[in-house]
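Working notes, structure below.
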Amino acid sequence: MKRKKKTKKHPGKSTPQCHEFAYWMSHLPECLWTIPLYNLSLPGSHDAMTYSLDETSTVSVNESKLLELMDKHMHCIMHPIILRWCITQELTLLEQLDAGIRYFDLRIAHKPDDPSTTLHFVHMLYTTAVVEDALWDILQWLKAHPCEVIILAFRNFDGLDEEHHRHLVCCIKKIFCCRLCPRNVVPTLQHMWAHGYQVIVSYEDLLQVAHNPELWTAIPYWWGNKTTAKKLIQYLELRKSGGRSGGLFVAGINLTGDLAYILGHLHCSIKKMTLRALPSLNRWIKQQRPGAEKDCINIIAGDFIERNNFVKNVISLNEKLIPKEHSSDMLHLISFRKSTSEKNRALPSSQECFEEFVSNKSKKEENSS
């Protein structure tokens, strides 16, 4: 039996607990079950694993040499500053899932001079969390939430060679197995429920995608690389005017400070910058709509996802897809709260969906045994 390590948050961090929308997909009204996921509105987590960054980590080899040198020779000064600018999430992976996040931006790294195939996550610094352990945790959550569907985007590979890629893909296939949705299907909730699919894997390496039908090509991510909400919104509107992708795509509402900006704002942090911008960004979110039209959005990914009703605002956009005669159905979804008692935990609203999923899963297990 695989023994999993528990990942820890940074000591001293206090975050709002967010357990809403753990079952929000299974509570969507039936009229949305046949709409492809790329035409729905899905909340996402940018740099999802940064809550587990290792405070003792060296700077990633993919970062600028100047940053590496500054951290090496002025470590006591620079390292706390780097930490303030690279932690973009405070909720753990499982807390983000419970909060309703369904797209996860995962940056994968192999530490230099490590002879093993162990992989970590990275954002300037490496995480204490190990990739394989995190995937096992996700699997356990999916087993308890059989009608929820997630998208895992493996991106920005740092220090991986061919052997590491093969190892990672092998882990993905071993852990999620028949829950992986192949890329040759139109991913509607109804289709995924009927076949027992719960995971779409986006993989930013074309060679691996070419050899593995379970992997989807990299999902486009609209990254503004801006320091203010106003500039970021201008960028997103410009991207929208050029037309959306035909498949899954992400509009990132995450702000970014480059090294020059950070050095000019030593007492600031990515958290302060984000919280200052969130009211304006959330107003922009509420004006969006999902769908197939040119100016529609799909996945919206942000930092500190538990703040300012970000998840609720993104999920609520799906109401705009519901015909007026069914609009009251959405109220049940938005008012839904996960019970803190396992005994009284609500089952998915679609009992037929749940039974079909279990029946199909049992048949698959019988055929494979």
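To be explicit about the labels: the chains of the structure tokens are called A, B, and onward in the order shown, and within each one the residues are counted from 1, while ligands get numbers from 1 in the order they are shown.
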Write out as number ranges by chain the set of residues from range 100-179 of chain A that DSSP, computed on the backbone, places in strand (DSSP E or B). A: 103-109, 120-123, 125-130, 150-158
Please produce a file of those selected residues containing N, CA, C and O atoms, as a tab-separated table (two decimals), in the first residue's frame.
chain	number	residue	atom	x	y	z
A	103	TYR	N	-9.74	23.47	-11.74
A	103	TYR	CA	-8.56	23.52	-12.61
A	103	TYR	C	-7.36	23.84	-11.73
A	103	TYR	O	-7.39	24.78	-10.92
A	104	PHE	N	-6.29	23.04	-11.89
A	104	PHE	CA	-5.11	23.21	-11.06
A	104	PHE	C	-3.87	23.41	-11.94
A	104	PHE	O	-3.54	22.56	-12.78
A	105	ASP	N	-3.22	24.54	-11.74
A	105	ASP	CA	-1.99	24.89	-12.43
A	105	ASP	C	-0.83	24.29	-11.64
A	105	ASP	O	-0.52	24.77	-10.54
A	106	LEU	N	-0.21	23.25	-12.18
A	106	LEU	CA	0.82	22.50	-11.47
A	106	LEU	C	2.17	22.65	-12.18
A	106	LEU	O	2.34	22.17	-13.30
A	107	ARG	N	3.13	23.32	-11.54
A	107	ARG	CA	4.46	23.50	-12.10
A	107	ARG	C	5.36	22.40	-11.54
A	107	ARG	O	5.55	22.30	-10.32
A	108	ILE	N	5.93	21.59	-12.41
A	108	ILE	CA	6.64	20.38	-12.00
A	108	ILE	C	8.15	20.57	-12.11
A	108	ILE	O	8.64	21.15	-13.09
A	109	ALA	N	8.89	20.06	-11.11
A	109	ALA	CA	10.34	20.24	-11.12
A	109	ALA	C	11.06	18.99	-10.60
A	109	ALA	O	10.53	18.25	-9.77
A	120	HIS	N	8.98	17.38	-7.52
A	120	HIS	CA	8.34	18.35	-6.64
A	120	HIS	C	7.61	19.39	-7.49
A	120	HIS	O	7.67	19.37	-8.72
A	121	PHE	N	6.92	20.29	-6.84
A	121	PHE	CA	6.33	21.44	-7.50
A	121	PHE	C	7.27	22.62	-7.33
A	121	PHE	O	8.16	22.59	-6.47
A	122	VAL	N	7.08	23.65	-8.13
A	122	VAL	CA	8.02	24.76	-8.09
A	122	VAL	C	7.35	26.08	-8.46
A	122	VAL	O	6.43	26.11	-9.28
A	123	HIS	N	7.78	27.13	-7.79
A	123	HIS	CA	7.48	28.51	-8.20
A	123	HIS	C	8.56	29.38	-7.57
A	123	HIS	O	8.45	29.80	-6.43
A	125	LEU	N	10.89	28.77	-5.87
A	125	LEU	CA	11.46	27.82	-4.92
A	125	LEU	C	10.77	26.46	-5.11
A	125	LEU	O	9.70	26.38	-5.72
A	126	TYR	N	11.37	25.42	-4.58
A	126	TYR	CA	10.80	24.08	-4.66
A	126	TYR	C	9.89	23.83	-3.45
A	126	TYR	O	10.05	24.42	-2.39
A	127	THR	N	8.93	22.93	-3.62
A	127	THR	CA	7.99	22.61	-2.54
A	127	THR	C	8.49	21.44	-1.70
A	127	THR	O	9.31	20.64	-2.14
A	128	THR	N	7.96	21.35	-0.49
A	128	THR	CA	8.16	20.13	0.30
A	128	THR	C	7.26	19.03	-0.24
A	128	THR	O	7.58	17.85	-0.11
A	129	ALA	N	6.13	19.41	-0.81
A	129	ALA	CA	5.18	18.43	-1.36
A	129	ALA	C	5.80	17.68	-2.53
A	129	ALA	O	6.48	18.27	-3.37
A	130	VAL	N	5.56	16.38	-2.57
A	130	VAL	CA	6.03	15.52	-3.65
A	130	VAL	C	4.86	15.28	-4.61
A	130	VAL	O	3.73	15.06	-4.18
A	150	ILE	N	-12.19	17.19	-12.56
A	150	ILE	CA	-11.11	18.16	-12.39
A	150	ILE	C	-10.19	18.16	-13.60
A	150	ILE	O	-10.14	17.20	-14.37
A	151	ILE	N	-9.47	19.27	-13.75
A	151	ILE	CA	-8.48	19.42	-14.82
A	151	ILE	C	-7.13	19.69	-14.18
A	151	ILE	O	-6.99	20.65	-13.40
A	152	LEU	N	-6.16	18.84	-14.45
A	152	LEU	CA	-4.81	19.00	-13.92
A	152	LEU	C	-3.89	19.43	-15.06
A	152	LEU	O	-3.73	18.70	-16.04
A	153	ALA	N	-3.32	20.62	-14.94
A	153	ALA	CA	-2.43	21.14	-15.99
A	153	ALA	C	-0.98	21.03	-15.52
A	153	ALA	O	-0.55	21.76	-14.62
A	154	PHE	N	-0.26	20.09	-16.12
A	154	PHE	CA	1.16	19.91	-15.80
A	154	PHE	C	1.96	20.82	-16.72
A	154	PHE	O	2.00	20.61	-17.94
A	155	ARG	N	2.64	21.82	-16.13
A	155	ARG	CA	3.21	22.91	-16.92
A	155	ARG	C	4.63	23.26	-16.45
A	155	ARG	O	5.07	22.85	-15.39
A	156	ASN	N	5.28	24.09	-17.29
A	156	ASN	CA	6.55	24.73	-16.92
A	156	ASN	C	7.56	23.75	-16.32
A	156	ASN	O	8.11	23.98	-15.24
A	157	PHE	N	7.79	22.65	-17.00
A	157	PHE	CA	8.67	21.61	-16.48
A	157	PHE	C	10.07	22.17	-16.24
A	157	PHE	O	10.69	22.77	-17.12
A	158	ASP	N	10.57	21.95	-15.04
A	158	ASP	CA	11.84	22.53	-14.58
A	158	ASP	C	12.80	21.39	-14.23
A	158	ASP	O	12.62	20.70	-13.23
DSSP on the backbone, helix (DSSP H, G or I) only: what residues of range 8-113 of chain A does that give? Format it as a PyMOL selection string. chain A and resi 25-27+30-32+37-39+50-52+65-73+75-86+93-99
Env of Met70 in chain A: 12 Å cut, atoms = only C-alpha atoms, seq-sep filter 5 positions within chain, self excluded. Answer as JSON, numbers by chain. {"A": [58, 59, 63, 64, 65, 75, 76, 77, 78, 79, 81, 82, 259, 263]}
Could you check how far CA of Trp193 in chain A sits from CA of Leu248 in chain A, in Å to one decimal? 18.6 Å
d(CA of Ser41 in chain A, CA of Val169 in chain A) in Å: 27.7 Å
Find the spatial neighbours of Leu206 in chain A, counting only C-alpha atoms, within a cut-off of 10 Å - ignore same-chain residues fewer than 6 positions away - and output them as a PyMOL selection string. chain A and resi 212+215-218
Need to verify the contact set: range 277-283 of chain A, 12 Å, only C-alpha atoms, exclusion of same-chain residues closer than 5 positions in sequence. Can you return it as a compact mmCIF listing (two decimals) with C-alpha atoms, in the first residue's frame?
# COMPACT_ATOMS: atom_id res chain seq x y z
CA LYS A 226 0.72 42.88 -15.16
CA THR A 227 1.06 44.59 -11.77
CA THR A 228 -2.35 46.30 -11.54
CA ALA A 229 -5.96 45.21 -12.00
CA LYS A 230 -6.56 47.93 -14.58
CA LYS A 231 -3.71 46.81 -16.83
CA LEU A 232 -4.63 43.15 -16.42
CA ILE A 233 -8.27 43.76 -17.34
CA GLN A 234 -7.16 45.70 -20.42
CA LEU A 236 -7.84 40.22 -20.89
CA ALA A 251 -8.05 33.48 -18.34
CA GLY A 252 -5.57 34.20 -15.55
CA ILE A 253 -6.52 37.00 -13.15
CA ASN A 254 -3.19 36.62 -11.33
CA LEU A 255 -0.95 39.67 -11.08
CA THR A 256 2.81 39.39 -11.57
CA ILE A 270 2.08 39.10 -4.06
CA LYS A 271 -0.67 38.68 -1.45
CA LYS A 272 -0.97 42.42 -0.74
CA GLN A 288 -18.23 37.66 -18.09
CA ILE A 300 -10.77 31.65 -14.71
CA ALA A 301 -7.72 31.04 -12.51
CA GLY A 302 -6.57 33.23 -9.66
CA ASP A 303 -4.40 33.54 -6.57
CA PHE A 304 -5.65 33.19 -2.99
CA ILE A 305 -8.80 31.53 -4.30
CA GLU A 306 -10.65 31.64 -0.96
CA ARG A 307 -10.80 35.45 -1.00
CA ASN A 308 -13.58 37.83 -2.09
CA ASN A 309 -16.02 35.10 -3.20
CA PHE A 310 -13.82 34.32 -6.22
CA VAL A 311 -15.01 30.72 -6.59
CA LYS A 312 -18.68 31.55 -6.09
CA ASN A 313 -18.50 34.36 -8.64
CA VAL A 314 -16.95 32.10 -11.29
CA SER A 316 -22.35 31.67 -10.75
CA LEU A 317 -21.55 32.64 -14.34
If we count only C-alpha atoms, what is near His167 in chain A at a cut-off of 12 Å, once residues fewer than 6 positions away on the same chain are taken out, given as a list in words? His110, Ser116, Thr117, Thr118, Leu119, Val131, Glu132, Leu160, Asp161, Lys173, Lys174 and Gln208 of chain A
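Closest approach to Ile138 in chain A among A:Arg276, A:Phe176, A:Ala22, A:Asp205 is made by A:Phe176 (distances from only C-alpha atoms).
CA of Asn39 in chain A is positioned 14.0 Å from CA of Ile219 in chain A.
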Ranking A:Pro29, A:Gly246, A:Gly100, A:Pro323 by minimum distance to His145 in chain A and counting only C-alpha atoms, which one comes first?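 That would be A:Gly100, the residue with the smallest distance to His145 in chain A.
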Under the rule that only C-alpha atoms are counted, which of A:Ile87, A:Leu142, A:Ile322, A:Val250 is the nearest residue to Arg179 in chain A?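 Using only C-alpha atoms, the shortest distance to Arg179 in chain A belongs to A:Leu142.
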A:Ala144, A:Ala48, A:Lys111, A:Trp85: which is nearest Tyr23 in chain A, counting only C-alpha atoms?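 Smallest separation from Tyr23 in chain A among the options: A:Ala144.
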Name the closest residue to Leu93 in chain A among the candidates A:Gln140, A:Leu275, A:Leu67, A:Ser57; distances are taken between atoms, counting only C-alpha atoms. A:Gln140
